[in-house]
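> Input structure: query_13.cif, which contains mmCIF, C-alpha atoms.
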data_coords
#
loop_
_atom_site.group_PDB
_atom_site.id
_atom_site.type_symbol
_atom_site.label_atom_id
_atom_site.label_comp_id
_atom_site.auth_asym_id
_atom_site.auth_seq_id
_atom_site.Cartn_x
_atom_site.Cartn_y
_atom_site.Cartn_z
ATOM 1 C CA MET A 1 -217.884 135.486 -116.815
ATOM 2 C CA THR A 2 -219.239 131.972 -117.366
ATOM 3 C CA ASP A 3 -221.256 130.549 -114.471
ATOM 4 C CA ILE A 4 -219.337 127.323 -113.979
ATOM 5 C CA LYS A 5 -222.308 125.629 -112.309
ATOM 6 C CA LYS A 6 -224.237 125.924 -115.568
ATOM 7 C CA ILE A 7 -221.612 124.297 -117.778
ATOM 8 C CA VAL A 8 -220.320 121.371 -115.708
ATOM 9 C CA PRO A 9 -221.543 117.949 -116.911
ATOM 10 C CA SER A 10 -224.880 117.008 -115.345
ATOM 11 C CA TYR A 11 -223.307 114.208 -113.291
ATOM 12 C CA VAL A 12 -220.726 116.528 -111.699
ATOM 13 C CA GLU A 13 -221.797 118.169 -108.444
ATOM 14 C CA ALA A 14 -220.222 121.608 -108.796
ATOM 15 C CA GLU A 15 -221.097 122.577 -105.232
ATOM 16 C CA ILE A 16 -218.906 119.749 -103.914
ATOM 17 C CA GLY A 17 -216.079 120.616 -106.302
ATOM 18 C CA LEU A 18 -216.238 124.277 -105.343
ATOM 19 C CA ARG A 19 -216.284 123.417 -101.648
ATOM 20 C CA ASN A 20 -213.189 121.233 -102.133
ATOM 21 C CA CYS A 21 -211.507 124.291 -103.677
ATOM 22 C CA GLY A 22 -212.375 126.686 -100.861
ATOM 23 C CA ASP A 23 -215.371 128.060 -102.796
ATOM 24 C CA ASP A 24 -212.866 129.687 -105.156
ATOM 25 C CA GLU A 25 -214.173 129.392 -108.725
ATOM 26 C CA GLU A 26 -210.770 130.063 -110.314
ATOM 27 C CA GLN A 27 -209.181 127.366 -108.178
ATOM 28 C CA TYR A 28 -211.994 124.993 -109.159
ATOM 29 C CA LYS A 29 -211.383 125.712 -112.853
ATOM 30 C CA GLU A 30 -207.683 125.042 -112.321
ATOM 31 C CA ALA A 31 -208.453 121.723 -110.588
ATOM 32 C CA ILE A 32 -210.600 120.726 -113.576
ATOM 33 C CA ARG A 33 -207.790 121.693 -115.956
ATOM 34 C CA ILE A 34 -205.292 119.553 -114.050
ATOM 35 C CA VAL A 35 -207.627 116.535 -113.988
ATOM 36 C CA CYS A 36 -208.254 117.000 -117.696
ATOM 37 C CA LYS A 37 -204.642 117.671 -118.708
ATOM 38 C CA TYR A 38 -203.375 114.214 -117.787
ATOM 39 C CA GLY A 39 -206.646 112.362 -118.400
ATOM 40 C CA ASP A 40 -205.828 110.796 -121.765
ATOM 41 C CA GLU A 41 -202.416 109.657 -120.607
ATOM 42 C CA LYS A 42 -203.847 108.212 -117.381
ATOM 43 C CA LYS A 43 -206.605 106.422 -119.301
ATOM 44 C CA LEU A 44 -204.038 104.642 -121.483
ATOM 45 C CA GLN A 45 -201.984 103.773 -118.402
ATOM 46 C CA LEU A 46 -204.995 102.299 -116.587
ATOM 47 C CA GLU A 47 -205.920 100.200 -119.614
ATOM 48 C CA ARG A 48 -202.379 98.832 -119.813
ATOM 49 C CA LEU A 49 -202.155 98.024 -116.099
ATOM 50 C CA LEU A 50 -205.524 96.307 -116.158
ATOM 51 C CA LYS A 51 -204.659 94.169 -119.185
ATOM 52 C CA GLU A 52 -201.292 93.282 -117.656
ATOM 53 C CA ARG A 53 -203.066 92.410 -114.374
ATOM 54 C CA ASP A 54 -200.601 94.608 -112.498
ATOM 55 C CA ASN A 55 -202.871 94.840 -109.462
ATOM 56 C CA GLU A 56 -200.397 96.689 -107.251
ATOM 57 C CA ARG A 57 -199.880 99.605 -109.639
ATOM 58 C CA PHE A 58 -203.516 99.542 -110.749
ATOM 59 C CA LEU A 59 -204.510 99.942 -107.086
ATOM 60 C CA THR A 60 -202.290 103.021 -106.772
ATOM 61 C CA GLU A 61 -203.674 104.592 -109.942
ATOM 62 C CA ILE A 62 -207.329 103.819 -109.215
ATOM 63 C CA HIS A 63 -206.912 105.370 -105.750
ATOM 64 C CA ALA A 64 -205.578 108.572 -107.340
ATOM 65 C CA LEU A 65 -208.375 108.508 -109.915
ATOM 66 C CA LYS A 66 -210.982 108.200 -107.167
ATOM 67 C CA ASN A 67 -209.548 111.301 -105.509
ATOM 68 C CA ASN A 68 -209.538 113.212 -108.809
ATOM 69 C CA PHE A 69 -213.189 112.380 -109.399
ATOM 70 C CA ALA A 70 -214.131 113.446 -105.879
ATOM 71 C CA THR A 71 -212.086 116.656 -106.028
ATOM 72 C CA VAL A 72 -214.134 118.048 -108.909
ATOM 73 C CA GLY A 73 -217.448 116.627 -107.667
ATOM 74 C CA ALA A 74 -217.908 113.600 -109.948
ATOM 75 C CA MET A 75 -219.170 111.556 -107.024
ATOM 76 C CA ASP A 76 -220.797 108.654 -108.894
ATOM 77 C CA LEU A 77 -217.516 108.016 -110.687
ATOM 78 C CA ALA A 78 -215.621 108.377 -107.393
ATOM 79 C CA HIS A 79 -217.864 105.706 -105.821
ATOM 80 C CA LYS A 80 -217.265 103.337 -108.753
ATOM 81 C CA ALA A 81 -213.507 103.867 -108.459
ATOM 82 C CA ARG A 82 -213.696 103.299 -104.689
ATOM 83 C CA SER A 83 -215.518 100.000 -105.245
ATOM 84 C CA LEU A 84 -212.793 98.830 -107.635
ATOM 85 C CA GLU A 85 -210.115 100.015 -105.229
ATOM 86 C CA ASP A 86 -211.661 98.045 -102.355
ATOM 87 C CA ARG A 87 -211.962 94.894 -104.468
ATOM 88 C CA CYS A 88 -208.402 95.202 -105.693
ATOM 89 C CA ARG A 89 -207.118 95.779 -102.167
ATOM 90 C CA SER A 90 -208.972 92.733 -100.813
ATOM 91 C CA GLY A 91 -207.835 90.496 -103.663
ATOM 92 C CA LYS A 92 -211.409 89.868 -104.884
ATOM 93 C CA CYS A 93 -210.558 90.325 -108.530
ATOM 94 C CA GLU A 94 -213.338 88.341 -110.191
ATOM 95 C CA GLY A 95 -214.851 90.501 -112.929
ATOM 96 C CA MET A 96 -212.229 93.179 -112.269
ATOM 97 C CA ILE A 97 -211.161 93.551 -115.900
ATOM 98 C CA GLU A 98 -214.732 93.960 -117.186
ATOM 99 C CA ASP A 99 -215.682 96.433 -114.455
ATOM 100 C CA GLY A 100 -212.345 98.209 -114.756
ATOM 101 C CA MET A 101 -212.765 98.667 -118.498
ATOM 102 C CA GLU A 102 -216.278 100.001 -117.950
ATOM 103 C CA LEU A 103 -214.939 102.599 -115.516
ATOM 104 C CA ILE A 104 -212.122 103.472 -117.924
ATOM 105 C CA ASP A 105 -214.718 104.070 -120.649
ATOM 106 C CA ASP A 106 -216.638 106.306 -118.232
ATOM 107 C CA TYR A 107 -213.380 108.099 -117.461
ATOM 108 C CA GLY A 108 -212.790 108.739 -121.169
ATOM 109 C CA ALA A 109 -216.279 110.234 -121.518
ATOM 110 C CA PHE A 110 -215.672 112.322 -118.379
ATOM 111 C CA ILE A 111 -212.443 113.764 -119.815
ATOM 112 C CA ALA A 112 -214.182 114.526 -123.125
ATOM 113 C CA ASP A 113 -216.944 116.360 -121.222
ATOM 114 C CA LEU A 114 -214.392 118.357 -119.222
ATOM 115 C CA LYS A 115 -212.578 119.334 -122.428
ATOM 116 C CA GLN A 116 -215.845 120.598 -123.876
ATOM 117 C CA MET A 117 -216.491 122.579 -120.720
ATOM 118 C CA ILE A 118 -212.999 124.094 -120.731
ATOM 119 C CA SER A 119 -213.407 124.998 -124.389
ATOM 120 C CA VAL A 120 -216.450 127.108 -123.486
ATOM 121 C CA ILE A 121 -214.522 128.843 -120.695
ATOM 122 C CA ASP A 122 -211.435 129.444 -122.832
ATOM 123 C CA LYS A 123 -213.375 130.926 -125.722
ATOM 124 C CA GLU A 124 -215.029 133.366 -123.360
ATOM 125 C CA GLU A 125 -211.733 134.262 -121.690
ATOM 126 C CA GLY A 126 -209.825 134.561 -124.991
ATOM 127 C CA LEU A 127 -207.401 131.701 -124.339
ATOM 128 C CA VAL A 128 -207.836 129.962 -127.703
ATOM 129 C CA ALA A 129 -204.874 130.625 -129.987
ATOM 130 C CA GLY A 130 -205.057 131.750 -133.615
ATOM 131 C CA ASP A 131 -204.184 129.385 -136.469
ATOM 132 C CA ASP A 132 -200.763 131.018 -137.007
ATOM 133 C CA GLU A 133 -199.847 130.537 -133.361
ATOM 134 C CA ILE A 134 -201.009 126.931 -133.494
ATOM 135 C CA ARG A 135 -198.904 126.213 -136.568
ATOM 136 C CA HIS A 136 -195.910 127.884 -134.920
ATOM 137 C CA THR A 137 -196.346 125.568 -131.925
ATOM 138 C CA PHE A 138 -196.407 122.562 -134.270
ATOM 139 C CA GLU A 139 -193.100 123.786 -135.715
ATOM 140 C CA GLU A 140 -191.626 124.004 -132.198
ATOM 141 C CA ILE A 141 -192.869 120.485 -131.452
ATOM 142 C CA GLU A 142 -191.225 119.193 -134.636
ATOM 143 C CA ILE A 143 -187.912 120.799 -133.637
ATOM 144 C CA CYS A 144 -188.116 119.148 -130.202
ATOM 145 C CA VAL A 145 -188.870 115.743 -131.739
ATOM 146 C CA ASN A 146 -185.994 116.042 -134.209
ATOM 147 C CA GLU A 147 -183.674 116.914 -131.318
ATOM 148 C CA GLY A 148 -184.926 113.968 -129.254
ATOM 149 C CA ARG A 149 -186.517 116.240 -126.629
ATOM 150 C CA PHE A 150 -189.713 114.192 -126.353
ATOM 151 C CA GLU A 151 -190.697 115.499 -122.925
ATOM 152 C CA ASP A 152 -190.534 119.108 -124.159
ATOM 153 C CA ALA A 153 -192.485 118.113 -127.273
ATOM 154 C CA SER A 154 -195.105 116.417 -125.102
ATOM 155 C CA ASP A 155 -195.491 119.485 -122.877
ATOM 156 C CA LEU A 156 -196.008 121.742 -125.899
ATOM 157 C CA PHE A 157 -198.434 119.316 -127.501
ATOM 158 C CA GLU A 158 -200.523 118.873 -124.343
ATOM 159 C CA VAL A 159 -201.010 122.627 -123.986
ATOM 160 C CA LEU A 160 -201.983 122.832 -127.655
ATOM 161 C CA ALA A 161 -204.383 119.887 -127.433
ATOM 162 C CA PHE A 162 -205.835 121.166 -124.184
ATOM 163 C CA PHE A 163 -206.782 124.602 -125.496
ATOM 164 C CA ASN A 164 -207.041 124.404 -129.251
ATOM 165 C CA LEU A 165 -207.613 120.992 -130.827
ATOM 166 C CA PRO A 166 -211.276 120.038 -131.211
ATOM 167 C CA ASN A 167 -212.819 116.713 -130.213
ATOM 168 C CA LYS A 168 -212.933 115.571 -133.848
ATOM 169 C CA GLU A 169 -209.124 115.341 -133.704
ATOM 170 C CA GLU A 170 -209.227 112.735 -130.928
ATOM 171 C CA GLU A 171 -207.719 109.873 -132.953
ATOM 172 C CA PRO A 172 -204.649 111.791 -134.243
ATOM 173 C CA ILE A 173 -204.214 113.316 -130.770
ATOM 174 C CA ASP A 174 -204.075 109.832 -129.233
ATOM 175 C CA GLU A 175 -201.605 108.710 -131.915
ATOM 176 C CA MET A 176 -199.393 111.736 -131.284
ATOM 177 C CA ARG A 177 -199.439 111.092 -127.535
ATOM 178 C CA ARG A 178 -198.526 107.455 -128.065
ATOM 179 C CA CYS A 179 -195.584 108.375 -130.301
ATOM 180 C CA LEU A 180 -194.246 110.949 -127.824
ATOM 181 C CA ILE A 181 -194.611 108.594 -124.848
ATOM 182 C CA GLU A 182 -192.825 105.815 -126.756
ATOM 183 C CA GLU A 183 -190.253 108.304 -128.155
ATOM 184 C CA ASP A 184 -191.145 107.259 -131.682
ATOM 185 C CA GLY A 185 -189.752 110.222 -133.617
ATOM 186 C CA GLU A 186 -190.735 108.963 -137.062
ATOM 187 C CA GLY A 187 -194.302 108.289 -135.918
ATOM 188 C CA ALA A 188 -194.526 111.675 -134.190
ATOM 189 C CA ILE A 189 -193.453 113.540 -137.335
ATOM 190 C CA LYS A 190 -195.989 111.552 -139.358
ATOM 191 C CA ALA A 191 -198.709 112.406 -136.827
ATOM 192 C CA LEU A 192 -197.725 116.082 -136.960
ATOM 193 C CA LYS A 193 -198.205 116.097 -140.711
ATOM 194 C CA GLU A 194 -201.768 114.868 -140.151
ATOM 195 C CA PHE A 195 -202.569 118.107 -138.332
ATOM 196 C CA LYS A 196 -201.059 120.551 -140.821
ATOM 197 C CA GLY A 197 -203.543 122.364 -142.990
ATOM 198 C CA ARG A 198 -206.531 121.371 -140.842
ATOM 199 C CA PRO A 199 -208.955 123.944 -139.423
ATOM 200 C CA PHE A 200 -208.242 124.015 -135.702
ATOM 201 C CA LYS A 201 -211.271 125.733 -134.208
#
Would you give me this structure, written as structure tokens?

Amino acid sequence: MTDIKKIVPSYVEAEIGLRNCGDDEEQYKEAIRIVCKYGDEKKLQLERLLKERDNERFLTEIHALKNNFATVGAMDLAHKARSLEDRCRSGKCEGMIEDGMELIDDYGAFIADLKQMISVIDKEEGLVAGDDEIRHTFEEIEICVNEGRFEDASDLFEVLAFFNLPNKEEEPIDEMRRCLIEEDGEGAIKALKEFKGRPFK
């Protein structure tokens, strides 16, 4: 079994994350998966709220992000998020967009690092699907999109992206997510076609 302390990003304090999960390594892995699963969606949401200067909702989301960072032991990122939260709460918003975008960039890198880490774990534990299974999932996603079941399509796609799509697919993954969130069926089908025939692992 992979020693999780050896594969966490260098800026993540695994001891803190493990302690927050009752020193249960499986629970810690699950916490990392949850943080990672919604990371790309949350990143896009934070960017939108910041650009729209929706301080009330941004405050709510940055508070949750701070807790997510702290839960897994990414304490430097948690402190940065806390600083933004405090400034937003006090109304001292000068430089907020620049600092917020910097943190969002850090968040994106953090999610990418967690995905890499999970990929190592999943390969060892045999959770990565074969190409036939991946293509079958794409077919199921296409059926859901054609039937207007965008939430079901999104759930299937997130599981697929989480376990099986490599980092080099980041741009088409983002495009697919955008199409599903916006319920753009034509765009989603086009994005699906971009994946077909590609090597997945």
> Might you spell out which residues the PyMOL selection byres ((chain A and resi 65) around 10) would select in the displayed file, as an MDAnalysis selection string?
chainID A and resid 35 39 42:43 46 59:64 66:71 77:78 81:82 85 107
> Write the residues of the preceding selection, restricted to C-alpha atoms, as a compact mmCIF listing (two decimals), in the frame of the given file.

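Below is the file selection.txt, written as the result:
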# COMPACT_ATOMS: atom_id res chain seq x y z
CA VAL A 35 -207.63 116.54 -113.99
CA GLY A 39 -206.65 112.36 -118.40
CA LYS A 42 -203.85 108.21 -117.38
CA LYS A 43 -206.60 106.42 -119.30
CA LEU A 46 -205.00 102.30 -116.59
CA LEU A 59 -204.51 99.94 -107.09
CA THR A 60 -202.29 103.02 -106.77
CA GLU A 61 -203.67 104.59 -109.94
CA ILE A 62 -207.33 103.82 -109.22
CA HIS A 63 -206.91 105.37 -105.75
CA ALA A 64 -205.58 108.57 -107.34
CA LYS A 66 -210.98 108.20 -107.17
CA ASN A 67 -209.55 111.30 -105.51
CA ASN A 68 -209.54 113.21 -108.81
CA PHE A 69 -213.19 112.38 -109.40
CA ALA A 70 -214.13 113.45 -105.88
CA THR A 71 -212.09 116.66 -106.03
CA LEU A 77 -217.52 108.02 -110.69
CA ALA A 78 -215.62 108.38 -107.39
CA ALA A 81 -213.51 103.87 -108.46
CA ARG A 82 -213.70 103.30 -104.69
CA GLU A 85 -210.12 100.02 -105.23
CA TYR A 107 -213.38 108.10 -117.46
> Just the residues within 9 Å of stretch 136-148 of chain A, please, counting all atoms listed in the file, with nothing from its chain fewer than 2 positions along; format it as a ChimeraX atom specification.
/A:131-134,150-154,156-157,160,180,183-186,188-189,192,195-196
> May I ask for the distance between atom CA of A:Leu49 and atom CA of A:Gly73, given in Å to one decimal place?
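Distance between the two atoms: 25.5 Å.
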> Go through A:Ala109, A:Met117, A:Cys88, A:Gly95 one by one, measure the shortest atom-to-atom distance of each to A:Asp54 using all atoms listed in the file, and give the residue with the smallest value.
A:Cys88
> Compile the contact shell of stretch 3-5 of chain A as a ChimeraX atom specification: residues with an atom at most 8 Å away, counting all atoms listed in the file, same-chain residues fewer than 5 positions apart removed.
/A:14-15,25
> Compare A:Met101, A:Ala74, A:Leu114, A:Leu84 by their minimum atom-to-atom distance to A:Arg33, counting all atoms listed in the file, and give me the closest one.
A:Leu114
> Can you pull out every residue within 10 Å of A:Arg53, counting all atoms listed in the file, but drop anything in the same chain fewer than 5 positions away, and send it as a list in words?
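In the requested form, the answer reads Glu47, Arg48, Phe58, Cys93, Met96 and Ile97 of chain A.
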